[in-house]
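Enquirer: Following this message is one structure expressed as structure tokens.
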Protein chains: 4
Amino acid sequence: MAGRSALETYKQGGSWWETEISDIKKNEIIIRGKRIEDLIGNISYSQMLYFLLCGKELTDNQAKLFESVLVAGADHGPRAPSIAAARMAATCGVSFNSAVATGVNMLGDVHGGAVEDAMALLYETERIQLKNEHAVADKLSELLESGQKLPGFGHQLHDNDPRVQRLYELSHLLIESGEISGNYLRILEDYRGTISSIKNRRFTINVDGISAAVQCELGVPAEAAKGIFSLSRGMGIVAHAYEERKNGTLIKGPCPNEEKLVRYTGKRVEESEQS
Amino acid sequence: MAGRSALETYKQGGSWWETEISDIKKNEIIIRGKRIEDLIGNISYSQMLYFLLCGKELTDNQAKLFESVLVAGADHGPRAPSIAAARMAATCGVSFNSAVATGVNMLGDVHGGAVEDAMALLYETERIQLKNEHAVADKLSELLESGQKLPGFGHQLHDNDPRVQRLYELSHLLIESGEISGNYLRILEDYRGTISSIKNRRFTINVDGISAAVQCELGVPAEAAKGIFSLSRGMGIVAHAYEERKNGTLIKGPCPNEEKLVRYTGKRVEESEQS
Amino acid sequence: MAGRSALETYKQGGSWWETEISDIKKNEIIIRGKRIEDLIGNISYSQMLYFLLCGKELTDNQAKLFESVLVAGADHGPRAPSIAAARMAATCGVSFNSAVATGVNMLGDVHGGAVEDAMALLYETERIQLKNEHAVADKLSELLESGQKLPGFGHQLHDNDPRVQRLYELSHLLIESGEISGNYLRILEDYRGTISSIKNRRFTINVDGISAAVQCELGVPAEAAKGIFSLSRGMGIVAHAYEERKNGTLIKGPCPNEEKLVRYTGKRVEESEQS
Amino acid sequence: MAGRSALETYKQGGSWWETEISDIKKNEIIIRGKRIEDLIGNISYSQMLYFLLCGKELTDNQAKLFESVLVAGADHGPRAPSIAAARMAATCGVSFNSAVATGVNMLGDVHGGAVEDAMALLYETERIQLKNEHAVADKLSELLESGQKLPGFGHQLHDNDPRVQRLYELSHLLIESGEISGNYLRILEDYRGTISSIKNRRFTINVDGISAAVQCELGVPAEAAKGIFSLSRGMGIVAHAYEERKNGTLIKGPCPNEEKLVRYTGKRVEESEQS
């Protein structure tokens, strides 16, 4: 972080809140230089999100590819902490949006967070490649030697995730039409091949990996990945919280009240009373 | 809430987590009876959201109208608590998704919440109209007599909100093509006329009101409105949180450190020391 | 809510943020008219909380009774949604405070929320009693006739909750010493007797009920009850989130991946493919 | 993180949720081997928190010192993002606990987070000192050379924070009575002296620094610091959210609607329409 002080900006005549994103006045809502009424109905959800975030416009096909990433991550059922937390919150008497916030609060470095790491890696590798043709191999050695994980590979449940193949196919249509370069998808594939031969077993790209490559192709900033995933998984969070609310169950815990599911492994009362 | 107990369901052989929304198995992700790979690339964000939520599919034009509502609510600048809170969180060293959750947590009964109230009113009025042709006038009297507000009208800043006119026009295209009935838009308009003549001044439909009517036309459940708005305003929240993070400002409070902006109105030290 | 507009206050020369609670200047922190350095070390947690909230000071014994309520609610194990959500968040790579926020977000109208309802009922009953000696019976009839629940009675697990008896005993010591009136405890007991005889079965006061009566005795505002409970259960949330982080488990869902625990009850793929 | 898999534990006959903290059965609540009824009324808030977290008991004087740290951090007025966010949430129609969660969500790496960093540094330095008498100087060089900040020093507002002096005095009483070792306070002081002489200006310990040293003296784990601060600042969050709710203001943004306070710095509409 650059560390520019808001107070200094303000003292030098700037405003406390400065934004390039939107200008809100009476009966006038300007988004990145466009009137809101010219956007509504002419721009899709994924185009609007990209426009707000980057100030540039995606073509229709690019926007559809971005949308595909959002759709792909929408749900992974009630065993995912994000979904389960939102469902539990829905049974505890909070405002619906607070149930959504509860689910979204789960989507950190670990739960969906590999997209950001993979994007950062792909962007960095692409920059290094300009002067070093062994960028992938070198970067991979660096990661492995420092004990880090290669982000975007492997999944605790799937080894042939249907989302990955589909996003792969869809992105190749845009490579063919020249609407994306294909560079980042090639780098990702290169990482897959390199690590597979080093480790001598087949590595599979996971949904985080393919989502990362596609978003790099579209110029999405890596640092925004967790926020974007909030809006993707957000769809599932909203739907599951709604379903749980409709059930009308009250205070639903994470699992049934069975001894084998929850166990106290601490001191017994007797021990401590003797002490 | 119906109050079905999860424990009873479970004891009768049901599962702890039951859902009609998704089925996740190894290399298989089923959403409402469709394979995820058949949805990705074939369905837009708003179609996916509706499908997850309602289990039914919107036509392309209906989906675009739903999407228009999502785009319309995306941003209202850093003076909106949802946007400001997310921006502040972005300067406090939390995970990006937690900054998003912070913004989403603001979108309660008051901030965007009128959509749910207005939808509930429109749905109820439509049901009453089946047997009572004065449903609007009767319902309005009831509201006013009990000191309640008519949801969906008036705004603290706008009196001719550009989003309202645009959403109105877009929905009329679908009334003409028969893809929505127009019933709820008519009821909303009826409320506008009735209250304006009772109060003897021009009432204006606000963005919550038009968003409510459009979503009723599409069969969206009123109880899901706050969740859906989380995903609409969520776009602005993500973009503003990202912009603030890029600035790199640390611990940015809500307003500059000027005496007139924050005032202590409690006891002075002297007073209490004498006591 | 009274609906005073911050903008009007501001335009009339007030400040945007006005507070009676604290005044923060360079090297000076005033809390309700007292210097922070005079509070630190001289005032307990529960005294500080009460002082911040109410601007008045509890005696040492009153403060200990308030503290007892905070200690009583501190934990109810990982089957409580608040604890489970915080533990899950701790495995998802968010900032520790965000894991705490996730747990706190659960403590709504239903999960711990009965304290507020019970306090409101006790305060209201006490006011009515000034002119109506049958206040308890009348209020109870009113509740039952309108299909509402009597807050503060019954528990899904405990029927002889050890916390209730203990808080009861501790509060009676202060009735004897005249440091609390005992009015609200008597009203609560009166409700217990009245509903037991109406329903012809023994009703038991739960931890929400006794916590409500004790806090009424101390003059705690009912509307603050959910916030106070956040700080009570907050202790358990912090401890459980810490324990889960130490385990180092990644993305831990609500329950093991067993078919009988999570079930999809929606459409099968075949059905939808035929349509 | 150690990365123990919950699934593996479970498959090997363990439970899904294992905890040393509490055991909840019908009419029985065991906390770390003690019955809840033996804790209520006999243990203070800070003792309970420490006992839940560490499974050990603080002496009364140690507990009071820990409590002093909690009291010291309780409030820093509405310009602090944690307080402001909670106040804003209180005007937006969410459950009170969700307003608290919103404030708590702010207390990340930056806002109060230096306590954790300072504790980690103090613990590490103490370990290094066992074999290296220049541990402070060496560690400081290491930090400064890598461009890192020394945590626990300096404040944007205070240069003689009244909380610091007071906590310093209180902790010295326990050094004298032998209830804490004083090692970590000495290390902190050593860092102050060393950096002051390197940089040739007076550095001041801030409230994060002294809170860190005191908590190290008590054996609090560094990793729990942000959670503990949630319960300290939580008091102020609850009080300010309550005050704002009482005001009844609706949708209160972060600052008054004045042009100089919020400025759009993006494209103007004209520019984009020409493109």
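Naming works like this for the structure tokens: A, B, ... for the chains as they're shown, residue 1 at the start of each chain, ligands 1 onward in shown order.
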I'd like the contact shell of Arg263 in chain B - 7 Å cut-off, only C-alpha atoms, skipping same-chain residues fewer than 6 positions apart - returned as JSON, numbers by chain.
Expert: {"C": [15, 17, 18, 19]}
Enquirer: Counting only C-alpha atoms, give me one row per residue of chain A with an atom at most 6 Å from an atom of chain B, showing the shortest contact pair and its distance in Å to one decimal, sorted by chain then residue number, as CSV.
Expert:
residue,atom,partner,partner_atom,distance
A:Met1,CA,B:Gly248,CA,4.2
A:Ala2,CA,B:Gly248,CA,4.6
A:Gly3,CA,B:Gly248,CA,4.7
A:Arg4,CA,B:Thr249,CA,5.3
A:Ser5,CA,B:Thr249,CA,5.6
A:Ser22,CA,B:Gly77,CA,5.8
A:Lys26,CA,B:His158,CA,5.1
A:Asn27,CA,B:Asp161,CA,4.9
A:Glu37,CA,B:Arg163,CA,5.8
A:Ile40,CA,B:Ser68,CA,5.2
A:Gly41,CA,B:Ser68,CA,5.1
A:Leu49,CA,B:Met235,CA,5.5
A:Leu52,CA,B:Ala239,CA,5.7
A:Leu53,CA,B:Ala239,CA,4.6
A:Ser68,CA,B:Gly41,CA,5.1
A:Val71,CA,B:Ile40,CA,6.0
A:Ala72,CA,B:Ile40,CA,6.0
A:Gly77,CA,B:Ser22,CA,5.8
A:Phe96,CA,B:Gly227,CA,5.9
A:Asn97,CA,B:Gly227,CA,5.3
A:Ser98,CA,B:Asn105,CA,4.9
A:Ala101,CA,B:Ala101,CA,4.3
A:Val104,CA,B:Ala101,CA,5.6
A:Asn105,CA,B:Ser98,CA,4.9
A:Leu107,CA,B:Asn97,CA,5.9
A:Leu157,CA,B:Lys26,CA,5.6
A:His158,CA,B:Asn27,CA,4.9
A:Asn160,CA,B:Asn27,CA,5.5
A:Asp161,CA,B:Asn27,CA,4.9
A:Pro162,CA,B:Glu37,CA,5.9
A:Arg163,CA,B:Glu37,CA,5.8
A:Arg166,CA,B:Glu37,CA,5.8
A:Lys226,CA,B:Asn97,CA,5.6
A:Gly227,CA,B:Asn97,CA,5.3
A:Leu231,CA,B:Leu231,CA,6.0
A:Met235,CA,B:Leu49,CA,5.5
A:Val238,CA,B:Gly227,CA,5.4
A:Ala239,CA,B:Leu53,CA,4.6
A:Gly248,CA,B:Met1,CA,4.3
A:Thr249,CA,B:Gly3,CA,4.9
Enquirer: So that I can check the secondary structure, give me every residue of range 2-244 of chain C assigned strand (DSSP E or B) by backbone DSSP, as a ChimeraX atom specification.
Expert: /C:17-19,22-25,28-31,34-35,153,205
Enquirer: Could you write out, as a compact mmCIF listing (two decimals) with C-alpha atoms, in the first residue's frame, all the residues of range 43-220 of chain A that DSSP marks as helix (DSSP H, G or I)?
Expert:
# COMPACT_ATOMS: atom_id res chain seq x y z
CA TYR A 45 -24.16 -7.28 -14.90
CA SER A 46 -20.63 -8.38 -15.71
CA GLN A 47 -20.07 -5.35 -17.97
CA MET A 48 -21.27 -3.03 -15.22
CA LEU A 49 -19.04 -4.69 -12.65
CA TYR A 50 -16.01 -4.44 -14.93
CA PHE A 51 -16.84 -0.86 -15.87
CA LEU A 52 -17.16 0.17 -12.21
CA LEU A 53 -13.94 -1.60 -11.34
CA CYS A 54 -11.71 -0.80 -14.30
CA ASP A 60 -20.12 -8.45 -25.49
CA ASN A 61 -18.16 -11.67 -25.89
CA GLN A 62 -15.60 -10.70 -23.29
CA ALA A 63 -18.41 -9.79 -20.91
CA LYS A 64 -20.01 -13.18 -21.51
CA LEU A 65 -16.76 -14.89 -20.66
CA PHE A 66 -16.46 -12.86 -17.45
CA GLU A 67 -20.07 -13.76 -16.70
CA SER A 68 -19.22 -17.43 -17.20
CA VAL A 69 -16.66 -17.18 -14.42
CA LEU A 70 -19.27 -15.60 -12.15
CA VAL A 71 -21.81 -18.32 -12.97
CA ALA A 72 -19.26 -21.10 -12.48
CA PRO A 81 -18.56 -22.74 4.83
CA SER A 82 -19.86 -19.69 2.93
CA ILE A 83 -23.18 -21.39 2.17
CA ALA A 84 -23.52 -23.06 5.57
CA ALA A 85 -22.82 -19.84 7.47
CA ALA A 86 -25.43 -17.94 5.48
CA ARG A 87 -27.99 -20.71 6.05
CA MET A 88 -27.26 -20.74 9.77
CA ALA A 89 -27.56 -16.95 9.96
CA ALA A 90 -30.91 -17.20 8.20
CA PHE A 96 -31.33 -11.02 5.18
CA ASN A 97 -28.40 -8.88 4.07
CA SER A 98 -26.62 -9.74 7.33
CA ALA A 99 -27.02 -13.43 6.48
CA VAL A 100 -25.42 -12.65 3.12
CA ALA A 101 -22.62 -10.69 4.82
CA THR A 102 -22.00 -13.66 7.08
CA GLY A 103 -21.50 -15.93 4.09
CA VAL A 104 -19.36 -13.40 2.25
CA ALA A 114 -6.52 -18.96 -4.55
CA VAL A 115 -7.92 -17.02 -7.52
CA GLU A 116 -6.09 -13.89 -6.36
CA ASP A 117 -2.85 -15.78 -5.78
CA ALA A 118 -3.07 -17.47 -9.15
CA MET A 119 -3.81 -14.18 -10.92
CA ALA A 120 -0.86 -12.49 -9.24
CA LEU A 121 1.35 -15.41 -10.31
CA LEU A 122 0.11 -15.35 -13.91
CA TYR A 123 0.53 -11.57 -14.24
CA GLU A 124 4.00 -11.76 -12.71
CA THR A 125 5.04 -14.68 -14.92
CA GLU A 126 3.87 -12.85 -18.03
CA ARG A 127 5.99 -9.83 -17.10
CA ILE A 128 9.04 -11.99 -16.40
CA GLN A 129 8.60 -13.85 -19.69
CA ALA A 135 9.94 -17.86 -16.48
CA VAL A 136 7.49 -20.68 -15.66
CA ALA A 137 10.16 -23.20 -14.68
CA ASP A 138 12.11 -20.62 -12.69
CA LYS A 139 9.10 -19.28 -10.88
CA LEU A 140 7.90 -22.79 -10.09
CA SER A 141 11.28 -23.77 -8.63
CA GLU A 142 11.18 -20.63 -6.52
CA LEU A 143 7.72 -21.50 -5.19
CA LEU A 144 8.53 -25.12 -4.46
CA GLU A 145 11.87 -24.33 -2.84
CA PRO A 162 -16.84 -29.96 -15.07
CA ARG A 163 -16.50 -26.19 -14.62
CA VAL A 164 -12.87 -26.20 -15.66
CA GLN A 165 -13.35 -27.90 -19.00
CA ARG A 166 -16.30 -25.68 -19.84
CA LEU A 167 -14.50 -22.42 -19.02
CA TYR A 168 -11.54 -23.68 -21.00
CA GLU A 169 -13.67 -24.27 -24.08
CA LEU A 170 -15.44 -20.95 -23.82
CA SER A 171 -12.20 -19.04 -23.51
CA HIS A 172 -10.75 -20.78 -26.55
CA LEU A 173 -13.58 -19.43 -28.67
CA LEU A 174 -12.39 -15.93 -27.78
CA ILE A 175 -8.78 -16.76 -28.46
CA GLU A 176 -9.83 -17.84 -31.93
CA ASN A 183 -1.28 -15.70 -23.07
CA TYR A 184 -2.43 -16.39 -19.53
CA LEU A 185 -4.18 -19.62 -20.43
CA ARG A 186 -0.96 -20.78 -22.08
CA ILE A 187 1.06 -19.85 -19.00
CA LEU A 188 -1.37 -21.74 -16.79
CA GLU A 189 -1.14 -24.78 -19.06
CA ASP A 190 2.62 -24.43 -18.99
CA TYR A 191 2.60 -24.51 -15.19
CA ARG A 192 0.43 -27.62 -15.32
CA GLY A 193 2.82 -29.42 -17.64
CA THR A 194 5.92 -28.33 -15.76
CA ILE A 195 4.74 -29.29 -12.30
CA SER A 196 3.32 -32.60 -13.59
CA SER A 197 6.68 -33.58 -15.04
CA ILE A 198 8.61 -32.41 -11.97
CA LYS A 199 6.32 -34.26 -9.58
CA VAL A 207 -11.80 -23.85 -10.94
CA ASP A 208 -9.71 -21.19 -9.17
CA GLY A 209 -6.90 -21.68 -11.69
CA ILE A 210 -9.05 -21.41 -14.79
CA SER A 211 -11.02 -18.48 -13.31
CA ALA A 212 -7.72 -16.73 -12.63
CA ALA A 213 -6.41 -17.22 -16.17
CA VAL A 214 -9.65 -16.06 -17.74
CA GLN A 215 -9.78 -12.96 -15.59
CA CYS A 216 -6.16 -12.15 -16.42
CA GLU A 217 -7.08 -12.42 -20.09
Enquirer: If you measure from CA of Val269 in chain D to CA of Arg32 in chain A, what distance in Å do you get, rounded to one decimal?
Expert: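 For CA of Val269 in chain D relative to CA of Arg32 in chain A, the distance reads 8.1 Å.
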Enquirer: One decimal, Å: what's the distance from CA of Phe153 in chain B over to CA of Asn206 in chain B, could you say?
Expert: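 For CA of Phe153 in chain B relative to CA of Asn206 in chain B, the distance reads 5.0 Å.
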